[in-house]
Structures are given as structure tokens and as C-alpha cells.
$ cat my_file_36.txt   # compact mmCIF, C-alpha atoms
# COMPACT_ATOMS: atom_id res chain seq x y z
CA MET L 957 -7.29 -98.79 -18.78
CA GLY L 958 -10.66 -98.52 -20.57
CA THR L 959 -11.59 -95.02 -21.63
CA SER L 960 -14.93 -93.83 -23.00
CA LEU L 961 -15.18 -91.25 -25.76
CA ILE L 962 -16.35 -88.60 -23.29
CA ASP L 963 -13.43 -89.35 -20.97
CA LEU L 964 -11.07 -89.22 -23.93
CA THR L 965 -12.25 -85.79 -25.05
CA GLU L 966 -11.82 -84.50 -21.50
CA ARG L 967 -8.24 -85.77 -21.55
CA LEU L 968 -7.27 -83.82 -24.70
CA VAL L 969 -5.15 -80.91 -23.53
CA PRO L 970 -3.71 -78.17 -25.72
CA ILE L 971 -0.04 -77.59 -24.99
CA SER L 972 -0.89 -73.94 -24.30
CA ASP L 973 -2.69 -75.07 -21.11
CA PHE L 974 0.72 -75.86 -19.64
CA SER L 975 1.80 -72.23 -19.99
CA GLN L 976 -1.50 -70.94 -18.58
CA GLY L 977 -1.04 -72.25 -15.05
CA LYS L 978 -2.91 -75.54 -15.50
CA THR L 979 0.16 -77.78 -15.27
CA GLY L 980 -0.18 -78.43 -11.53
CA LYS L 981 -3.83 -79.47 -11.81
CA ILE L 982 -3.12 -81.80 -14.76
CA VAL L 983 -0.07 -83.41 -13.12
CA SER L 984 -1.98 -83.87 -9.85
CA ASP L 985 -4.82 -85.58 -11.71
CA VAL L 986 -2.31 -87.89 -13.43
CA CYS L 987 -0.54 -88.77 -10.17
CA GLU L 988 -3.56 -89.08 -7.87
CA ASN L 989 -6.16 -90.60 -10.22
CA ASP L 990 -4.03 -92.45 -12.78
CA HIS L 991 -5.65 -90.41 -15.53
CA GLU L 992 -3.83 -89.94 -18.79
CA TYR L 993 -3.77 -86.88 -21.00
CA ILE L 994 -3.17 -86.52 -24.70
CA ILE L 995 -1.29 -83.32 -25.37
CA LEU L 996 -2.21 -81.45 -28.52
CA LYS L 997 0.09 -79.17 -30.44
CA ASN L 998 -1.50 -77.32 -33.35
CA ASN L 999 -4.62 -79.44 -32.70
CA GLN L 1000 -2.65 -82.64 -33.35
CA PRO L 1001 -1.88 -85.31 -30.72
CA THR L 1002 1.85 -85.13 -30.02
CA ALA L 1003 2.42 -86.67 -26.58
CA VAL L 1004 0.77 -88.64 -23.80
CA LEU L 1005 1.14 -87.81 -20.13
CA ILE L 1006 0.76 -90.82 -17.82
CA SER L 1007 1.69 -91.59 -14.24
CA VAL L 1008 4.96 -93.27 -13.35
CA LYS L 1009 2.91 -96.22 -12.03
CA GLU L 1010 1.13 -96.60 -15.39
CA TYR L 1011 4.43 -96.22 -17.25
CA LYS L 1012 6.10 -98.95 -15.18
CA GLU L 1013 3.12 -101.28 -15.65
CA THR L 1014 3.20 -100.64 -19.40
CA GLN L 1015 6.94 -101.35 -19.56
CA LYS L 1016 6.47 -104.58 -17.58
CA LYS L 1017 3.70 -105.71 -19.94
CA LEU L 1018 5.87 -104.83 -22.93
CA GLN L 1019 8.75 -106.94 -21.59
CA GLN L 1020 6.37 -109.86 -20.99
CA LEU L 1021 4.94 -109.52 -24.48
CA GLU L 1022 8.43 -109.44 -25.99
CA LYS L 1023 9.28 -112.68 -24.13
CA PHE L 1024 6.11 -114.32 -25.44
CA LEU L 1025 6.86 -113.20 -28.99
CA GLU L 1026 10.44 -114.45 -28.74
CA LYS L 1027 9.22 -117.84 -27.47
CA ILE L 1028 6.64 -118.05 -30.28
CA GLU L 1029 9.36 -117.29 -32.84
CA ASP L 1030 11.61 -119.94 -31.28
CA MET L 1031 8.80 -122.48 -31.51
CA ARG L 1032 8.09 -121.53 -35.13
CA LEU L 1033 11.76 -121.92 -36.08
CA LEU L 1034 12.04 -125.23 -34.23
CA LYS L 1035 8.98 -126.58 -36.03
CA ARG L 1036 10.42 -125.46 -39.36
CA ALA L 1037 13.76 -127.09 -38.55
CA GLU L 1038 12.04 -130.34 -37.57
CA GLU L 1039 10.05 -130.32 -40.83
CA ARG L 1040 13.23 -129.81 -42.83
CA GLU L 1041 15.09 -132.48 -40.87
CA ASN L 1042 12.68 -135.10 -42.18
CA SER L 1043 12.73 -133.86 -45.76
CA ASN L 1044 15.12 -134.70 -48.54
CA THR L 1045 17.82 -132.07 -48.32
CA SER L 1046 21.05 -131.76 -50.20
CA SER L 1047 24.35 -130.07 -49.55
CA PHE L 1048 25.12 -126.63 -50.89
CA ALA L 1049 27.56 -128.15 -53.37
CA GLU L 1050 24.82 -130.47 -54.68
CA PHE L 1051 22.45 -127.51 -55.00
CA VAL L 1052 25.06 -125.54 -56.96
CA ALA L 1053 25.60 -128.48 -59.31
CA GLU L 1054 21.83 -128.88 -59.81
CA GLN L 1055 21.72 -125.25 -60.91
CA GLY L 1056 24.38 -125.89 -63.53
CA TYR L 1057 27.32 -124.27 -61.76
CA SER L 1058 30.46 -125.50 -60.09
CA MET L 1059 31.88 -124.47 -56.75
CA GLU L 1060 34.73 -122.82 -58.68
CA ASP L 1061 32.13 -120.66 -60.49
CA ILE L 1062 30.74 -119.61 -57.12
CA ASP L 1063 34.23 -118.81 -55.79
CA LYS L 1064 35.00 -116.66 -58.85
CA LEU L 1065 31.69 -114.86 -58.49
CA ALA L 1066 32.34 -114.24 -54.79
CA GLU L 1067 35.76 -112.77 -55.57
CA SER L 1068 34.28 -110.41 -58.14
CA VAL L 1069 31.80 -108.88 -55.68
CA GLU L 1070 32.89 -105.80 -53.77
CA ILE L 1071 31.26 -105.06 -50.44
CA GLU L 1072 31.52 -101.49 -49.22

$ encode --input "my_file_36.txt" --output "C-alpha cells"
Amino acid sequence: MGTSLIDLTERLVPISDFSQGKTGKIVSDVCENDHEYIILKNNQPTAVLISVKEYKETQKKLQQLEKFLEKIEDMRLLKRAEERENSNTSSFAEFVAEQGYSMEDIDKLAESVEIE
């Protein structure tokens, strides 16, 4: 929903307008024209009033975006796994030995750590 600066300024509504009998007009405009309003409290934006239709569309787009992002992350992890599969890897025990420790040292260290 593209909004020009003039349209945006017309959609800024002080919260006091809701107690001055303008609620019905604002809600009708939201429902009938799919307009959105930014509600100001102490001259600061605090909420947005949108139609149920716009809300549902936004939620649907959000779910689609989350699916895309999840798929992209899956693809990134798969690529990383494939890269590592073809590299020279070693076991954890070999890594520990390369660092100058033994598995017994690691076990002792693990026993000395308290998790709350």
C-alpha cells in the first residue's frame, strides 16, 4: 500500500480524537477505504489502525516470507554441510588431542562445571 507524504500526514491521528467523537468516522474510513491511521500519543506514534482485510493480508505475507527465509536457511546449511563433507575433518577426540588435551581432561573439566 503506497502512501504519499501528504496522505501520511492526513493519517496521523491524536489519540484524543477517539474521545472527541471521531472514532466512528476513522473506523469507517479504515473499513470502507482500506486506509490506515497512525495513532499518536503525546505526539509520538504508538499504534497503527488497519482494516481486518489488510491485517490478514499482512499476516499471510509474513507467513510466506517466513517460509522463504526458512528455506533459504536450509539451503545455506546444506551448502555448508556439503562443503564440509568434502573437506578434511577429524573426530572430536582427534581435535582434543591436537589441542594438547586428553578426553580424560575434558571429562574432568565437564564434571567441574556447574550449570544452574

$ residues_around --input "my_file_36.txt" --residues "Val983 (chain L)" --least-positions-apart "5" --cutoff "12 Å" --atoms "all atoms listed in the file" --output "ChimeraX atom specification"
/L:967,969,973-974,977-978,988-993,1004-1008

$ residues_around --input "my_file_36.txt" --residues "Ala1003 (chain L)" --least-positions-apart "3" --cutoff "9 Å" --atoms "only C-alpha atoms" --output "JSON list (two decimals) with C-alpha atoms, in the coordinates of the input"
[["chain", "number", "residue", "atom", "x", "y", "z"],
["L", 993, "TYR", "CA", -3.77, -86.88, -21.00],
["L", 994, "ILE", "CA", -3.17, -86.52, -24.70],
["L", 995, "ILE", "CA", -1.29, -83.32, -25.37],
["L", 996, "LEU", "CA", -2.21, -81.45, -28.52],
["L", 997, "LYS", "CA", 0.09, -79.17, -30.44]]

$ residues_around --input "my_file_36.txt" --residues "region 1039-1050 of chain L" --least-positions-apart "6" --cutoff "10 Å" --atoms "all atoms listed in the file" --output "JSON list (two decimals) with C-alpha atoms, in the coordinates of the input"
[["chain", "number", "residue", "atom", "x", "y", "z"],
["L", 1033, "LEU", "CA", 11.76, -121.92, -36.08],
["L", 1056, "GLY", "CA", 24.38, -125.89, -63.53],
["L", 1057, "TYR", "CA", 27.32, -124.27, -61.76],
["L", 1058, "SER", "CA", 30.46, -125.50, -60.09],
["L", 1059, "MET", "CA", 31.88, -124.47, -56.75],
["L", 1062, "ILE", "CA", 30.74, -119.61, -57.12]]

$ axis_aligned_box --input "my_file_36.txt" --around "region 1039-1049 of chain L" --padding-each-side "6 Å" --output "AutoDock Vina command-line options"
--center_x 18.8 --center_y -130.9 --center_z -47.1 --size_x 29.5 --size_y 20.5 --size_z 24.5

$ closest_residue --input "my_file_36.txt" --among "L:Pro970, L:Tyr1011, L:Leu1025, L:Ser960" --to "Val986 (chain L)" --atoms "only C-alpha atoms"
L:Tyr1011

$ decode --input "my_file_36.txt" --residues "region 981-1042 of chain L" --atoms "C-alpha atoms" --output "PDB file, in the first residue's frame"
ATOM      1  CA  LYS L 981     -15.547   8.288  11.099  1.00  0.00           C
ATOM      2  CA  ILE L 982     -11.997   6.918  11.420  1.00  0.00           C
ATOM      3  CA  VAL L 983     -13.120   3.289  11.742  1.00  0.00           C
ATOM      4  CA  SER L 984     -15.491   3.678   8.775  1.00  0.00           C
ATOM      5  CA  ASP L 985     -12.659   5.087   6.655  1.00  0.00           C
ATOM      6  CA  VAL L 986     -10.448   2.142   7.647  1.00  0.00           C
ATOM      7  CA  CYS L 987     -13.146  -0.443   6.867  1.00  0.00           C
ATOM      8  CA  GLU L 988     -14.575   1.081   3.686  1.00  0.00           C
ATOM      9  CA  ASN L 989     -11.445   2.538   2.058  1.00  0.00           C
ATOM     10  CA  ASP L 990      -8.658   0.342   3.440  1.00  0.00           C
ATOM     11  CA  HIS L 991      -6.961   3.451   4.811  1.00  0.00           C
ATOM     12  CA  GLU L 992      -4.592   3.120   7.710  1.00  0.00           C
ATOM     13  CA  TYR L 993      -4.089   5.521  10.584  1.00  0.00           C
ATOM     14  CA  ILE L 994      -1.107   6.106  12.806  1.00  0.00           C
ATOM     15  CA  ILE L 995      -2.278   6.918  16.297  1.00  0.00           C
ATOM     16  CA  LEU L 996      -0.262   9.488  18.203  1.00  0.00           C
ATOM     17  CA  LYS L 997       0.031   9.672  21.953  1.00  0.00           C
ATOM     18  CA  ASN L 998       1.953  12.663  23.294  1.00  0.00           C
ATOM     19  CA  ASN L 999       2.806  13.463  19.651  1.00  0.00           C
ATOM     20  CA  GLN L1000       4.579  10.105  19.274  1.00  0.00           C
ATOM     21  CA  PRO L1001       3.414   7.258  17.010  1.00  0.00           C
ATOM     22  CA  THR L1002       2.175   4.467  19.284  1.00  0.00           C
ATOM     23  CA  ALA L1003      -0.195   2.307  17.221  1.00  0.00           C
ATOM     24  CA  VAL L1004      -1.473   1.655  13.720  1.00  0.00           C
ATOM     25  CA  LEU L1005      -5.120   1.113  12.878  1.00  0.00           C
ATOM     26  CA  ILE L1006      -5.687  -1.042   9.787  1.00  0.00           C
ATOM     27  CA  SER L1007      -8.599  -2.995   8.378  1.00  0.00           C
ATOM     28  CA  VAL L1008      -9.064  -6.679   9.120  1.00  0.00           C
ATOM     29  CA  LYS L1009      -8.556  -7.347   5.393  1.00  0.00           C
ATOM     30  CA  GLU L1010      -5.190  -5.542   5.442  1.00  0.00           C
ATOM     31  CA  TYR L1011      -4.211  -7.318   8.659  1.00  0.00           C
ATOM     32  CA  LYS L1012      -4.993 -10.752   7.189  1.00  0.00           C
ATOM     33  CA  GLU L1013      -3.069  -9.941   4.000  1.00  0.00           C
ATOM     34  CA  THR L1014      -0.097  -8.773   6.066  1.00  0.00           C
ATOM     35  CA  GLN L1015      -0.170 -11.946   8.178  1.00  0.00           C
ATOM     36  CA  LYS L1016      -0.335 -14.104   5.030  1.00  0.00           C
ATOM     37  CA  LYS L1017       2.650 -12.270   3.525  1.00  0.00           C
ATOM     38  CA  LEU L1018       4.541 -12.648   6.799  1.00  0.00           C
ATOM     39  CA  GLN L1019       3.941 -16.412   6.827  1.00  0.00           C
ATOM     40  CA  GLN L1020       5.110 -16.664   3.208  1.00  0.00           C
ATOM     41  CA  LEU L1021       8.207 -14.627   3.987  1.00  0.00           C
ATOM     42  CA  GLU L1022       8.995 -16.821   6.996  1.00  0.00           C
ATOM     43  CA  LYS L1023       8.742 -19.925   4.768  1.00  0.00           C
ATOM     44  CA  PHE L1024      11.109 -18.350   2.238  1.00  0.00           C
ATOM     45  CA  LEU L1025      13.586 -17.406   4.953  1.00  0.00           C
ATOM     46  CA  GLU L1026      13.428 -20.902   6.440  1.00  0.00           C
ATOM     47  CA  LYS L1027      14.073 -22.453   3.009  1.00  0.00           C
ATOM     48  CA  ILE L1028      16.994 -20.068   2.396  1.00  0.00           C
ATOM     49  CA  GLU L1029      18.481 -21.027   5.771  1.00  0.00           C
ATOM     50  CA  ASP L1030      18.029 -24.722   4.960  1.00  0.00           C
ATOM     51  CA  MET L1031      19.810 -24.230   1.645  1.00  0.00           C
ATOM     52  CA  ARG L1032      22.637 -22.307   3.328  1.00  0.00           C
ATOM     53  CA  LEU L1033      23.121 -25.046   5.923  1.00  0.00           C
ATOM     54  CA  LEU L1034      23.001 -27.774   3.280  1.00  0.00           C
ATOM     55  CA  LYS L1035      25.645 -25.995   1.208  1.00  0.00           C
ATOM     56  CA  ARG L1036      27.823 -25.616   4.292  1.00  0.00           C
ATOM     57  CA  ALA L1037      27.396 -29.291   5.146  1.00  0.00           C
ATOM     58  CA  GLU L1038      28.292 -30.314   1.594  1.00  0.00           C
ATOM     59  CA  GLU L1039      31.416 -28.125   1.710  1.00  0.00           C
ATOM     60  CA  ARG L1040      32.473 -29.709   4.986  1.00  0.00           C
ATOM     61  CA  GLU L1041      31.733 -33.207   3.733  1.00  0.00           C
ATOM     62  CA  ASN L1042      34.437 -32.826   1.107  1.00  0.00           C
TER      63      ASN L1042
END
